[in-house]
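*Asks:* Coordinates in entry.csv, CSV, C-alpha atoms and all ligand atoms, are listed below.
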```
chain,number,residue,atom,x,y,z
A,1,MET,CA,9.4,45.9,-32.5
A,2,SER,CA,11.6,46.0,-29.3
A,3,SER,CA,14.7,43.9,-29.0
A,4,LEU,CA,13.1,41.8,-26.4
A,5,PHE,CA,10.1,41.0,-28.6
A,6,THR,CA,12.6,39.9,-31.3
A,7,ILE,CA,14.5,37.7,-28.8
A,8,ILE,CA,11.3,36.1,-27.5
A,9,LYS,CA,10.0,35.5,-31.1
A,10,GLU,CA,13.2,33.9,-32.1
A,11,LYS,CA,13.2,31.6,-29.0
A,12,ILE,CA,9.7,30.6,-29.9
A,13,LYS,CA,10.5,29.9,-33.6
A,14,SER,CA,13.5,27.8,-32.8
A,15,SER,CA,11.8,25.8,-30.0
A,16,GLU,CA,10.6,22.2,-30.6
A,17,ARG,CA,7.0,22.9,-29.8
A,18,HIS,CA,7.0,26.4,-31.4
A,19,SER,CA,6.1,27.8,-28.1
A,20,ILE,CA,7.7,28.5,-24.7
A,21,SER,CA,6.4,28.1,-21.2
A,22,PHE,CA,4.9,31.1,-19.5
A,23,TYR,CA,7.8,30.7,-17.0
A,24,ASP,CA,10.4,31.1,-19.8
A,25,PHE,CA,8.4,34.1,-21.2
A,26,MET,CA,8.2,35.8,-17.8
A,27,ALA,CA,11.9,35.0,-17.0
A,28,LEU,CA,12.9,36.8,-20.2
A,29,ALA,CA,10.5,39.7,-19.6
A,30,LEU,CA,11.8,40.3,-16.1
A,31,TYR,CA,15.4,39.1,-16.1
A,32,HIS,CA,16.9,39.0,-19.6
A,33,PRO,CA,20.4,40.3,-18.8
A,34,GLU,CA,20.1,43.3,-21.2
A,35,TRP,CA,16.4,44.0,-21.8
A,36,GLY,CA,14.6,42.4,-18.9
A,37,TYR,CA,12.5,44.7,-16.7
A,38,TYR,CA,14.8,44.3,-13.6
A,39,SER,CA,18.0,44.5,-15.6
A,40,LYS,CA,17.3,47.8,-17.3
A,41,GLU,CA,18.6,51.0,-15.9
A,42,LYS,CA,15.2,52.5,-15.1
A,43,LYS,CA,13.6,53.6,-11.9
A,44,LYS,CA,11.0,51.0,-10.8
A,45,VAL,CA,10.1,51.7,-7.2
A,46,GLY,CA,8.5,55.0,-5.9
A,47,LYS,CA,6.7,58.0,-7.4
A,48,GLN,CA,8.8,58.1,-10.7
A,49,GLY,CA,8.7,54.3,-11.0
A,50,ASP,CA,6.0,51.8,-11.6
A,51,PHE,CA,5.0,50.6,-8.1
A,52,TYR,CA,5.2,51.6,-4.4
A,53,THR,CA,6.5,49.3,-1.7
A,54,ASN,CA,6.7,49.4,2.1
A,55,SER,CA,10.0,51.4,2.1
A,56,SER,CA,8.5,54.0,-0.2
A,57,VAL,CA,6.0,55.0,2.5
A,58,GLY,CA,8.6,57.0,4.5
A,59,SER,CA,11.2,55.4,6.8
A,60,ILE,CA,8.8,54.0,9.4
A,61,PHE,CA,8.6,50.5,8.0
A,62,GLY,CA,12.4,50.1,8.0
A,63,GLU,CA,12.6,51.6,11.6
A,64,THR,CA,10.0,49.1,12.9
A,65,LEU,CA,11.7,46.1,11.1
A,66,ALA,CA,15.1,47.3,12.5
A,67,ALA,CA,13.7,46.8,16.0
A,68,VAL,CA,12.6,43.2,15.3
A,69,ILE,CA,15.9,42.3,13.6
A,70,ALA,CA,17.9,43.9,16.5
A,71,GLU,CA,16.0,41.7,19.0
A,72,MET,CA,16.7,38.7,16.9
A,73,ALA,CA,20.4,39.6,16.7
A,74,LYS,CA,20.7,39.6,20.5
A,75,GLU,CA,20.1,35.9,20.3
A,76,PHE,CA,23.6,35.6,18.9
A,77,SER,CA,25.5,37.6,21.6
A,78,HIS,CA,27.8,34.5,22.1
A,79,LEU,CA,29.1,35.0,18.5
A,80,LYS,CA,31.7,37.6,17.5
A,81,ARG,CA,29.4,38.7,14.7
A,82,VAL,CA,25.9,37.9,13.5
A,83,THR,CA,25.0,38.0,9.8
A,84,VAL,CA,22.1,40.1,8.5
A,85,VAL,CA,21.2,39.4,4.9
A,86,GLU,CA,18.7,41.2,2.7
A,87,MET,CA,17.6,39.3,-0.5
A,88,GLY,CA,16.3,41.2,-3.5
A,89,GLY,CA,16.7,44.6,-1.9
A,90,GLY,CA,15.9,46.6,-5.1
A,91,THR,CA,17.0,50.2,-4.5
A,92,GLY,CA,18.5,49.4,-1.1
A,93,GLU,CA,16.1,51.8,0.6
A,94,LEU,CA,14.9,49.3,3.2
A,95,MET,CA,18.4,48.3,4.3
A,96,LYS,CA,19.3,52.0,4.4
A,97,GLN,CA,16.3,52.8,6.7
A,98,ILE,CA,17.3,49.9,9.0
A,99,LEU,CA,20.9,51.1,9.2
A,100,GLU,CA,20.0,54.7,9.8
A,101,GLU,CA,17.7,53.6,12.7
A,102,TRP,CA,20.4,51.4,14.2
A,103,LYS,CA,22.7,54.4,14.3
A,104,THR,CA,20.7,55.6,17.3
A,105,THR,CA,19.1,52.5,18.7
A,106,PHE,CA,21.8,49.8,18.3
A,107,PRO,CA,25.2,50.9,19.6
A,108,ASN,CA,28.2,49.7,17.7
A,109,PHE,CA,26.0,47.6,15.4
A,110,ASP,CA,28.6,47.8,12.7
A,111,LYS,CA,31.1,45.9,14.9
A,112,LYS,CA,28.5,43.2,15.8
A,113,ILE,CA,26.8,42.6,12.5
A,114,SER,CA,28.1,41.5,9.1
A,115,LEU,CA,25.8,43.1,6.4
A,116,VAL,CA,25.1,41.2,3.2
A,117,MET,CA,22.9,42.1,0.2
A,118,ILE,CA,22.0,39.4,-2.3
A,119,GLU,CA,20.7,40.9,-5.5
A,120,LYS,CA,20.2,39.3,-8.9
A,121,SER,CA,20.0,42.5,-11.0
A,122,SER,CA,23.3,44.1,-11.7
A,123,TYR,CA,21.5,47.5,-12.1
A,124,HIS,CA,20.0,47.2,-8.7
A,125,ARG,CA,23.3,46.1,-7.2
A,126,SER,CA,24.9,49.3,-8.5
A,127,VAL,CA,22.0,51.5,-7.1
A,128,GLN,CA,22.4,49.7,-3.8
A,129,LYS,CA,26.2,50.2,-3.7
A,130,GLU,CA,25.7,53.9,-4.2
A,131,LYS,CA,23.0,54.2,-1.6
A,132,LEU,CA,24.8,52.2,1.0
A,133,ALA,CA,28.3,53.5,0.3
A,134,ASP,CA,28.8,54.6,3.9
A,135,TYR,CA,28.2,51.1,5.3
A,136,PRO,CA,30.3,48.0,5.4
A,137,VAL,CA,28.0,45.9,3.2
A,138,VAL,CA,29.1,42.9,1.1
A,139,TRP,CA,27.3,42.0,-2.1
A,140,TYR,CA,26.5,38.7,-3.8
A,141,GLU,CA,24.5,37.9,-6.9
A,142,ASP,CA,22.8,34.8,-5.5
A,143,TRP,CA,22.3,32.8,-2.4
A,144,GLU,CA,24.3,29.8,-3.6
A,145,GLU,CA,27.3,32.0,-4.4
A,146,PHE,CA,27.1,33.6,-0.9
A,147,VAL,CA,26.8,30.2,0.9
A,148,ARG,CA,29.6,28.7,-1.2
A,149,ILE,CA,32.0,31.5,-0.2
A,150,GLU,CA,30.9,32.3,3.3
A,151,GLY,CA,29.6,29.0,4.5
A,152,ASN,CA,26.2,28.3,6.2
A,153,VAL,CA,24.7,31.4,7.9
A,154,LYS,CA,24.1,32.2,11.5
A,155,GLY,CA,21.8,35.2,11.6
A,156,ILE,CA,18.8,36.8,10.1
A,157,VAL,CA,17.7,36.7,6.4
A,158,TYR,CA,14.9,39.0,5.2
A,159,SER,CA,13.2,40.0,2.0
A,160,ASN,CA,10.5,42.3,0.9
A,161,GLU,CA,8.6,41.5,-2.3
A,162,LEU,CA,11.2,39.0,-3.5
A,163,PHE,CA,9.1,35.9,-4.0
A,164,ASP,CA,6.3,37.7,-5.9
A,165,ALA,CA,8.9,38.7,-8.6
A,166,PHE,CA,9.7,35.1,-9.6
A,167,PRO,CA,8.7,33.8,-13.0
A,168,VAL,CA,5.9,31.2,-12.7
A,169,TYR,CA,4.3,28.4,-14.7
A,170,MET,CA,0.7,28.9,-15.6
A,171,ILE,CA,-2.0,26.2,-15.8
A,172,GLU,CA,-5.7,26.4,-16.6
A,173,ARG,CA,-8.6,24.1,-16.0
A,174,VAL,CA,-10.1,22.8,-19.3
A,175,LYS,CA,-12.9,20.2,-18.8
A,176,ASP,CA,-11.4,17.7,-16.3
A,177,ASP,CA,-7.8,18.4,-17.0
A,178,TRP,CA,-5.2,21.0,-16.1
A,179,LYS,CA,-3.5,22.4,-19.3
A,180,GLU,CA,-0.3,24.4,-19.5
A,181,VAL,CA,-0.6,28.0,-20.7
A,182,ARG,CA,2.2,28.5,-23.3
A,183,ILE,CA,3.3,31.4,-25.4
A,184,SER,CA,3.7,31.3,-29.2
A,185,TRP,CA,4.0,33.8,-32.0
A,186,ASP,CA,1.1,34.9,-34.2
A,187,ASP,CA,2.6,35.6,-37.7
A,188,ALA,CA,-0.6,37.2,-39.0
A,189,GLY,CA,-1.0,39.6,-36.1
A,190,GLU,CA,2.8,40.0,-35.6
A,191,CYS,CA,2.3,39.5,-31.8
A,192,LEU,CA,2.7,37.1,-28.9
A,193,THR,CA,-0.2,34.9,-28.2
A,194,GLU,CA,-1.1,32.3,-25.6
A,195,PHE,CA,-2.6,28.9,-26.1
A,196,LYS,CA,-3.2,25.8,-23.9
A,197,GLN,CA,-1.4,22.5,-24.3
A,198,GLU,CA,-1.3,19.2,-22.5
A,199,LEU,CA,0.5,19.7,-19.2
A,200,LYS,CA,3.7,17.7,-19.7
A,201,ASN,CA,6.1,19.4,-17.2
A,202,GLN,CA,6.8,16.7,-14.7
A,203,GLU,CA,8.0,19.2,-12.0
A,204,VAL,CA,4.7,21.1,-12.2
A,205,ILE,CA,2.7,17.8,-12.1
A,206,ASN,CA,4.7,16.7,-9.1
A,207,PHE,CA,4.1,20.0,-7.3
A,208,LEU,CA,0.3,19.8,-7.9
A,209,GLU,CA,0.3,16.2,-6.5
A,210,GLU,CA,2.5,16.9,-3.5
A,211,GLN,CA,1.0,20.2,-2.4
A,212,LYS,CA,-2.6,18.9,-2.3
A,213,LEU,CA,-3.9,22.3,-3.3
A,214,ASN,CA,-7.5,21.3,-3.5
A,215,LEU,CA,-8.0,23.6,-6.5
A,216,PRO,CA,-11.6,24.6,-7.5
A,217,ASN,CA,-13.2,22.6,-10.3
A,218,ILE,CA,-14.1,25.7,-12.3
A,219,GLN,CA,-13.7,25.9,-16.1
A,220,GLN,CA,-10.9,28.3,-17.1
A,221,TYR,CA,-9.6,28.5,-13.5
A,222,ARG,CA,-6.0,29.7,-13.6
A,223,VAL,CA,-3.2,28.9,-11.2
A,224,GLU,CA,0.3,30.2,-11.2
A,225,VAL,CA,2.9,27.6,-10.1
A,226,ASN,CA,5.9,29.3,-8.5
A,227,LEU,CA,8.6,26.5,-8.5
A,228,ASP,CA,11.4,29.1,-8.0
A,229,ALA,CA,9.8,30.0,-4.6
A,230,VAL,CA,9.9,26.3,-3.6
A,231,GLN,CA,13.5,26.0,-4.8
A,232,LEU,CA,14.6,29.2,-2.9
A,233,ILE,CA,12.9,28.2,0.4
A,234,ASN,CA,14.7,24.9,0.2
A,235,LYS,CA,18.0,26.5,-0.4
A,236,LEU,CA,17.4,29.0,2.4
A,237,SER,CA,16.5,26.2,4.8
A,238,LEU,CA,19.6,24.3,3.9
A,239,GLY,CA,21.9,27.4,4.0
A,240,LEU,CA,20.7,28.8,7.3
A,241,ALA,CA,22.6,27.1,10.1
A,242,GLU,CA,20.8,28.9,12.8
A,243,GLY,CA,18.6,32.0,12.9
A,244,TYR,CA,15.5,33.6,11.5
A,245,LEU,CA,14.0,34.1,8.1
A,246,ILE,CA,11.5,37.0,7.6
A,247,THR,CA,9.5,37.0,4.3
A,248,ILE,CA,7.4,40.1,3.6
A,249,ASP,CA,5.2,39.8,0.6
A,250,TYR,CA,1.6,39.8,-0.7
A,251,GLY,CA,-0.1,36.4,-0.8
A,252,TYR,CA,-2.2,34.0,1.1
A,253,ALA,CA,-2.4,30.6,2.6
A,254,HIS,CA,-3.7,27.8,0.3
A,255,GLU,CA,-7.4,28.1,1.3
A,256,GLU,CA,-7.5,31.8,0.6
A,257,LEU,CA,-5.3,31.8,-2.5
A,258,TYR,CA,-7.4,29.3,-4.4
A,259,MET,CA,-10.8,30.7,-3.7
A,260,PRO,CA,-13.3,30.4,-6.6
A,261,GLU,CA,-13.4,34.2,-7.1
A,262,ARG,CA,-9.7,34.2,-8.0
A,263,GLN,CA,-10.6,32.5,-11.2
A,264,ARG,CA,-8.0,34.1,-13.4
A,265,GLY,CA,-5.2,33.7,-10.9
A,266,THR,CA,-3.2,36.6,-9.4
A,267,LEU,CA,-0.8,37.7,-12.2
A,268,MET,CA,-0.6,41.5,-12.4
A,269,CYS,CA,1.5,43.9,-14.5
A,270,TYR,CA,2.4,47.4,-13.4
A,271,LYS,CA,3.6,50.4,-15.4
A,272,GLU,CA,3.7,53.9,-14.1
A,273,HIS,CA,1.3,52.9,-11.3
A,274,LEU,CA,-1.3,51.6,-13.7
A,275,ALA,CA,-2.4,48.0,-13.5
A,276,LEU,CA,-2.2,46.4,-16.9
A,277,GLU,CA,-3.9,43.2,-17.8
A,278,ASN,CA,-2.1,41.8,-20.8
A,279,PRO,CA,1.3,40.5,-19.9
A,280,LEU,CA,2.2,39.8,-23.5
A,281,GLU,CA,1.9,43.4,-24.7
A,282,GLN,CA,5.0,45.1,-23.3
A,283,PRO,CA,7.5,42.5,-22.1
A,284,GLY,CA,10.5,44.2,-20.4
A,285,GLU,CA,8.6,47.5,-20.0
A,286,MET,CA,6.5,46.7,-17.0
A,287,ASP,CA,6.6,44.8,-13.7
A,288,MET,CA,5.0,41.4,-13.6
A,289,THR,CA,4.1,39.9,-10.3
A,290,THR,CA,2.0,37.1,-8.7
A,291,HIS,CA,0.7,36.6,-5.1
A,292,ILE,CA,2.7,34.0,-3.3
A,293,ASN,CA,1.5,30.8,-1.6
A,294,PHE,CA,2.6,31.1,2.0
A,295,SER,CA,1.4,27.5,2.9
A,296,THR,CA,4.0,26.2,0.4
A,297,LEU,CA,6.8,28.2,2.0
A,298,ILE,CA,5.7,27.0,5.5
A,299,ALA,CA,5.4,23.3,4.4
A,300,GLU,CA,8.6,23.2,2.4
A,301,GLY,CA,10.5,25.0,5.2
A,302,GLU,CA,9.3,22.5,7.8
A,303,LYS,CA,10.6,19.6,5.7
A,304,LEU,CA,14.1,21.0,6.1
A,305,GLY,CA,14.0,22.2,9.7
A,306,LEU,CA,12.5,25.7,9.5
A,307,LYS,CA,10.0,26.1,12.2
A,308,ASN,CA,7.0,28.5,11.6
A,309,LEU,CA,6.9,31.3,14.2
A,310,GLY,CA,3.9,32.9,12.6
A,311,LEU,CA,2.2,34.1,9.4
A,312,PHE,CA,1.1,37.6,10.4
A,313,SER,CA,-0.8,40.2,8.5
A,314,GLN,CA,1.5,43.2,8.0
A,315,SER,CA,-0.7,45.2,10.3
A,316,GLN,CA,-0.4,42.5,13.0
A,317,PHE,CA,3.4,42.2,12.6
A,318,LEU,CA,4.0,46.0,12.7
A,319,ILE,CA,1.7,46.5,15.7
A,320,ASN,CA,3.3,43.7,17.6
A,321,ALA,CA,6.7,45.2,16.8
A,322,GLY,CA,5.6,48.6,18.3
A,323,ILE,CA,4.7,50.8,15.3
A,324,LEU,CA,1.8,52.4,17.2
A,325,ASP,CA,4.3,53.7,19.8
A,326,LYS,CA,5.6,55.8,17.0
A,327,LEU,CA,2.4,57.7,16.4
A,328,ALA,CA,2.7,61.3,17.6
A,329,ASP,CA,0.0,63.3,19.3
A,330,HIS,CA,0.0,66.7,17.7
A,331,GLN,CA,-2.2,69.8,17.0
A,332,ASP,CA,-0.6,70.7,13.7
A,333,PRO,CA,-3.3,71.4,11.2
A,334,ASN,CA,-0.9,71.2,8.3
A,335,PRO,CA,-1.4,67.8,6.6
A,336,PHE,CA,2.0,68.1,5.0
A,337,SER,CA,4.0,68.7,8.1
A,338,ALA,CA,6.6,66.0,9.0
A,339,VAL,CA,4.5,64.8,11.9
A,340,SER,CA,1.3,64.6,9.9
A,341,ARG,CA,3.1,62.7,7.1
A,342,ARG,CA,4.6,60.3,9.6
A,343,ASN,CA,1.4,59.5,11.3
A,344,ARG,CA,-0.3,59.0,7.8
A,345,ALA,CA,2.5,56.6,6.8
A,346,ILE,CA,1.8,54.5,9.9
A,347,ARG,CA,-1.9,54.4,9.0
A,348,GLN,CA,-1.1,53.5,5.4
A,349,LEU,CA,1.2,50.6,6.4
A,350,ILE,CA,-1.3,49.0,8.8
A,351,PHE,CA,-4.7,49.9,7.3
A,352,PRO,CA,-7.1,47.0,6.9
A,353,GLY,CA,-8.2,46.5,3.3
A,354,GLY,CA,-4.9,48.1,2.2
A,355,MET,CA,-1.2,47.4,2.8
A,356,GLY,CA,-2.0,46.2,6.4
A,357,ASP,CA,-3.6,43.0,5.2
A,358,THR,CA,-2.6,42.6,1.6
A,359,PHE,CA,0.9,42.2,2.8
A,360,LYS,CA,1.8,39.3,5.1
A,361,VAL,CA,5.0,38.6,7.1
A,362,LEU,CA,6.1,35.1,7.6
A,363,VAL,CA,8.7,34.5,10.3
A,364,GLN,CA,10.5,31.1,10.4
A,365,MET,CA,13.4,30.0,12.6
A,366,LYS,CA,16.0,27.3,12.9
A,367,GLY,CA,18.3,26.1,15.7
A,368,LYS,CA,18.5,27.0,19.3
A,369,VAL,CA,17.5,30.7,19.0
A,370,SER,CA,14.4,31.8,21.0
A,371,ASN,CA,10.9,31.2,19.6
A,372,LYS,CA,9.4,33.7,22.0
A,373,LEU,CA,10.6,37.1,20.7
A,374,GLN,CA,9.0,40.0,22.5
A,375,LYS,CA,8.5,42.0,19.3
A,376,LEU,CA,6.4,39.2,17.8
A,377,GLN,CA,4.0,38.9,20.8
A,378,PRO,CA,0.4,40.1,20.3
A,379,ARG,CA,-0.1,43.7,21.2
A,380,GLY,CA,-2.9,46.3,20.8
A,381,TRP,CA,-6.1,44.8,19.3
A,382,PHE,CA,-4.3,41.6,18.4
A,383,LYS,CA,-3.9,40.7,22.1
A,401,LIG,C1,9.8,43.4,-6.7
A,401,LIG,S1,11.5,43.8,-6.5
A,401,LIG,C2,11.5,44.3,-4.8
A,401,LIG,C3,12.6,45.2,-4.5
A,401,LIG,C4,12.7,45.7,-3.0
A,401,LIG,N1,12.8,44.6,-2.1
A,401,LIG,C5,11.4,46.5,-2.7
A,401,LIG,O1,10.6,46.1,-1.9
A,401,LIG,O2,11.3,47.6,-3.2
A,401,LIG,C6,12.3,42.3,-6.5
A,401,LIG,C7,13.8,42.4,-6.4
A,401,LIG,O3,14.4,41.0,-6.2
A,401,LIG,C8,15.5,40.8,-7.1
A,401,LIG,N2,15.6,39.4,-7.3
A,401,LIG,C9,14.8,38.6,-8.1
A,401,LIG,N3,15.2,37.3,-7.9
A,401,LIG,C10,16.2,37.3,-7.1
A,401,LIG,C11,17.0,36.2,-6.5
A,401,LIG,N4,16.9,34.9,-6.8
A,401,LIG,N5,18.0,36.6,-5.6
A,401,LIG,C12,18.2,37.9,-5.3
A,401,LIG,N6,17.5,38.9,-5.8
A,401,LIG,C13,16.5,38.6,-6.7
A,401,LIG,C14,15.1,41.6,-8.3
A,401,LIG,O4,16.2,41.9,-9.1
A,401,LIG,C15,14.5,42.9,-7.7
A,401,LIG,O5,15.5,43.8,-7.3
```
Since I need it in another form, could you write the structure as structure tokens?

*Replies:*
Amino acid sequence: MSSLFTIIKEKIKSSERHSISFYDFMALALYHPEWGYYSKEKKKVGKQGDFYTNSSVGSIFGETLAAVIAEMAKEFSHLKRVTVVEMGGGTGELMKQILEEWKTTFPNFDKKISLVMIEKSSYHRSVQKEKLADYPVVWYEDWEEFVRIEGNVKGIVYSNELFDAFPVYMIERVKDDWKEVRISWDDAGECLTEFKQELKNQEVINFLEEQKLNLPNIQQYRVEVNLDAVQLINKLSLGLAEGYLITIDYGYAHEELYMPERQRGTLMCYKEHLALENPLEQPGEMDMTTHINFSTLIAEGEKLGLKNLGLFSQSQFLINAGILDKLADHQDPNPFSAVSRRNRAIRQLIFPGGMGDTFKVLVQMKGKVSNKLQKLQPRGWFK
């Protein structure tokens, strides 16, 4: 039995209800300081890891995002320096792609921009530090620490697949009630097991009441409640004095997220590029992730002064930002040539039914900066 299994089992045995919330289980599985999936010294992203992300599809995603952030940064030309923050940057690949692009497209960017990476995993912080050693980046472990030390931010804050990696509470419809899915230990089977109990968590109850989710009345319908996402968007809204927030992730607005066919919710586990269904089998050994609720991020942001500039499909966002201008006309029959690969990467990032619409990009803003950025205006077939 792995060390993490033992840790979770002991936590369950010593708990008052002989069970822990799904949230506590997922937080240990992903972020236990020694054995959690994101804490362990193991490759997670890319071919030798467990999942692909936008920045694994060549450098084109980073190049295109670089152009959007550069336009946003121009809004701060009255300041000596504008801050650009990436949250949850994983391997640091996306930030590297942006900075490499700016070397040719954004003269003296290093004198105009303060670069910050906020990363919870000490392993990922060390990978990032190695990858970005040539650049003047400053690191923090969390947003609060950053704001406490640096003060409120004027600039651009972005993340790719951050919110989907937060631990969630899980609820399930049983008759006319919502029950909480909790995790306990099965002595006979020597394994973790789940069961449903009366929903007592007041924060989850309040969330369900406040958000008016209009959840389907279907037996065994499951909903993940991502309270950490609510907390973070609140903190970001408060800590951003002026500027833009770009959130790239998979998820939906309320109406689409809680469709009847998503009866078992959206939780997925990934190991070596295989989708695994049982989250209790290999805690710490696989990625666990849920789709995010963009309506909540928009509504919570608005309460604290973040204006919604648009929830775009990834394809819409990238096309507006000019990705199609990067397609190269060529006669090279070799599918593995640099130009063929680059064109293929563009298609992969914007393809309908794939990354192009699974991923969304939410752009929010605060303060006097422009709400009419050229790189967000409809282009191509979105016009
Ligand atoms: C799914 S990975 C995405 C990594 C990278 N952005 C990418 O797209 O490949 C999520 C990352 O967010 C980090 N993370 C999770 N919670 C965080 C938080 N509250 N603040 C900063 N980083 C966090 C994790 O350690 C992990 O590196």

*Asks:* For Ser126 (chain A), list every protein, DNA or RNA residue within 9 Å, evaluated using all atoms listed in the file, and leave out those in the same chain fewer than 5 positions away; present the list as a JSON list (two decimals) with C-alpha atoms, in the coordinates of the input.

*Replies:*
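Wrote it out as out-v5.json, contents follow:
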```json
[["chain", "number", "residue", "atom", "x", "y", "z"],
["A", 91, "THR", "CA", 17.00, 50.20, -4.50],
["A", 121, "SER", "CA", 20.00, 42.50, -11.00],
["A", 131, "LYS", "CA", 23.00, 54.20, -1.60]]
```

*Asks:* Near region 65-73 of chain A, within 7 Å and counting only C-alpha atoms, which residues show up once chain neighbours fewer than 5 positions away are dropped, as a PDB file with C-alpha atoms, in the frame of the given file?

*Replies:*
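Generated file (part_1.pdb):
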```pdb
ATOM      1  CA  VAL A  82      25.900  37.900  13.500  1.00  0.00           C
ATOM      2  CA  ILE A  98      17.300  49.900   9.000  1.00  0.00           C
ATOM      3  CA  GLU A 101      17.700  53.600  12.700  1.00  0.00           C
ATOM      4  CA  TRP A 102      20.400  51.400  14.200  1.00  0.00           C
ATOM      5  CA  GLY A 155      21.800  35.200  11.600  1.00  0.00           C
ATOM      6  CA  ALA A 321       6.700  45.200  16.800  1.00  0.00           C
ATOM      7  CA  LYS A 375       8.500  42.000  19.300  1.00  0.00           C
TER       8      LYS A 375
END
```

*Asks:* So how many Å separate CA of Val223 (chain A) and CA of Arg264 (chain A), to one decimal?

*Replies:*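 Going from CA of Val223 (chain A) over to CA of Arg264 (chain A) covers 7.4 Å.
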
*Asks:* Give me, as a list in words, the set of residues whose atoms come within 6 Å of any atom of ligand LIG 401 (chain A), counting only C-alpha atoms and all ligand atoms.

*Replies:*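 Protein and nucleic-acid residues within 6 Å of ligand LIG 401 (chain A): Tyr38, Val45, Thr53, Met87, Gly88, Gly89, Gly90, Ile118, Glu119, Lys120, Ser121, His124, Asp142, Asn160, Glu161, Leu162 and Ala165 of chain A.
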
*Asks:* For the selection you just gave me, I'd like the residues written to a file as a tab-separated table (two decimals), keeping the file's coordinate frame, keeping C-alpha atoms.

*Replies:*
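part15.tsv was written with the following content:
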```tsv
chain	number	residue	atom	x	y	z
A	38	TYR	CA	14.80	44.30	-13.60
A	45	VAL	CA	10.10	51.70	-7.20
A	53	THR	CA	6.50	49.30	-1.70
A	87	MET	CA	17.60	39.30	-0.50
A	88	GLY	CA	16.30	41.20	-3.50
A	89	GLY	CA	16.70	44.60	-1.90
A	90	GLY	CA	15.90	46.60	-5.10
A	118	ILE	CA	22.00	39.40	-2.30
A	119	GLU	CA	20.70	40.90	-5.50
A	120	LYS	CA	20.20	39.30	-8.90
A	121	SER	CA	20.00	42.50	-11.00
A	124	HIS	CA	20.00	47.20	-8.70
A	142	ASP	CA	22.80	34.80	-5.50
A	160	ASN	CA	10.50	42.30	0.90
A	161	GLU	CA	8.60	41.50	-2.30
A	162	LEU	CA	11.20	39.00	-3.50
A	165	ALA	CA	8.90	38.70	-8.60
```

*Asks:* Could you tell me how far CA of Asn343 (chain A) lies from CA of Leu274 (chain A), in Å and to one decimal?

*Replies:*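 Between CA of Asn343 (chain A) and CA of Leu274 (chain A) the gap is 26.4 Å.
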
*Asks:* Which residue gives the smallest distance to Met259 (chain A) among A:Leu311, A:Leu215, A:Val230, A:Ile246, with only C-alpha atoms counted?

*Replies:*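 Among the listed residues, the smallest separation from Met259 (chain A) belongs to A:Leu215.
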
*Asks:* Please determine, counting only C-alpha atoms, which residue among A:Val157, A:Leu245, A:Val363, A:Leu192 has the shortest atom-to-atom distance to Phe5 (chain A).

*Replies:*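 Checking each of A:Val157, A:Leu245, A:Val363, A:Leu192 against Phe5 (chain A), counting only C-alpha atoms, the winner is A:Leu192.
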
*Asks:* Kindly indicate which residue among A:Gln263, A:Gln197, A:Ser15, A:Asn54 lies nearest to Gln219 (chain A), using all atoms listed in the file for the distances.

*Replies:*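 Closest to Gln219 (chain A), using all atoms listed in the file: A:Gln263.
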
*Asks:* I'd like the neighbourhood of Ile350 (chain A) as a PDB file with C-alpha atoms, in the coordinates of the input, where a residue qualifies if any of its atoms comes within 9 Å (using all atoms listed in the file), though same-chain residues fewer than 3 positions away should be ignored.

*Replies:*
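This is the output file around.pdb:
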```pdb
ATOM      1  CA  SER A 313      -0.800  40.200   8.500  1.00  0.00           C
ATOM      2  CA  GLN A 314       1.500  43.200   8.000  1.00  0.00           C
ATOM      3  CA  SER A 315      -0.700  45.200  10.300  1.00  0.00           C
ATOM      4  CA  GLN A 316      -0.400  42.500  13.000  1.00  0.00           C
ATOM      5  CA  LEU A 318       4.000  46.000  12.700  1.00  0.00           C
ATOM      6  CA  ILE A 319       1.700  46.500  15.700  1.00  0.00           C
ATOM      7  CA  ALA A 345       2.500  56.600   6.800  1.00  0.00           C
ATOM      8  CA  ILE A 346       1.800  54.500   9.900  1.00  0.00           C
ATOM      9  CA  ARG A 347      -1.900  54.400   9.000  1.00  0.00           C
ATOM     10  CA  GLY A 354      -4.900  48.100   2.200  1.00  0.00           C
ATOM     11  CA  MET A 355      -1.200  47.400   2.800  1.00  0.00           C
ATOM     12  CA  GLY A 356      -2.000  46.200   6.400  1.00  0.00           C
ATOM     13  CA  ASP A 357      -3.600  43.000   5.200  1.00  0.00           C
TER      14      ASP A 357
END
```

*Asks:* Kindly reconstruct region 108-112 of chain A with N, CA and C atoms and present the result as an mmCIF file, keeping the file's coordinate frame.

*Replies:*
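Wrote result01.cif, looks like this:
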```cif
data_model
loop_
_atom_site.group_PDB
_atom_site.id
_atom_site.type_symbol
_atom_site.label_atom_id
_atom_site.label_comp_id
_atom_site.auth_asym_id
_atom_site.auth_seq_id
_atom_site.Cartn_x
_atom_site.Cartn_y
_atom_site.Cartn_z
ATOM 1 N N ASN A 108 27.105 50.462 18.276
ATOM 2 C CA ASN A 108 28.200 49.700 17.700
ATOM 3 C C ASN A 108 27.673 48.520 16.779
ATOM 4 N N PHE A 109 26.511 48.721 16.160
ATOM 5 C CA PHE A 109 26.000 47.600 15.400
ATOM 6 C C PHE A 109 26.954 47.178 14.267
ATOM 7 N N ASP A 110 27.728 48.150 13.763
ATOM 8 C CA ASP A 110 28.600 47.800 12.700
ATOM 9 C C ASP A 110 29.768 46.874 13.124
ATOM 10 N N LYS A 111 30.003 46.815 14.434
ATOM 11 C CA LYS A 111 31.100 45.900 14.900
ATOM 12 C C LYS A 111 30.477 44.545 15.288
ATOM 13 N N LYS A 112 29.139 44.490 15.388
ATOM 14 C CA LYS A 112 28.500 43.200 15.800
ATOM 15 C C LYS A 112 27.837 42.491 14.675
#
```
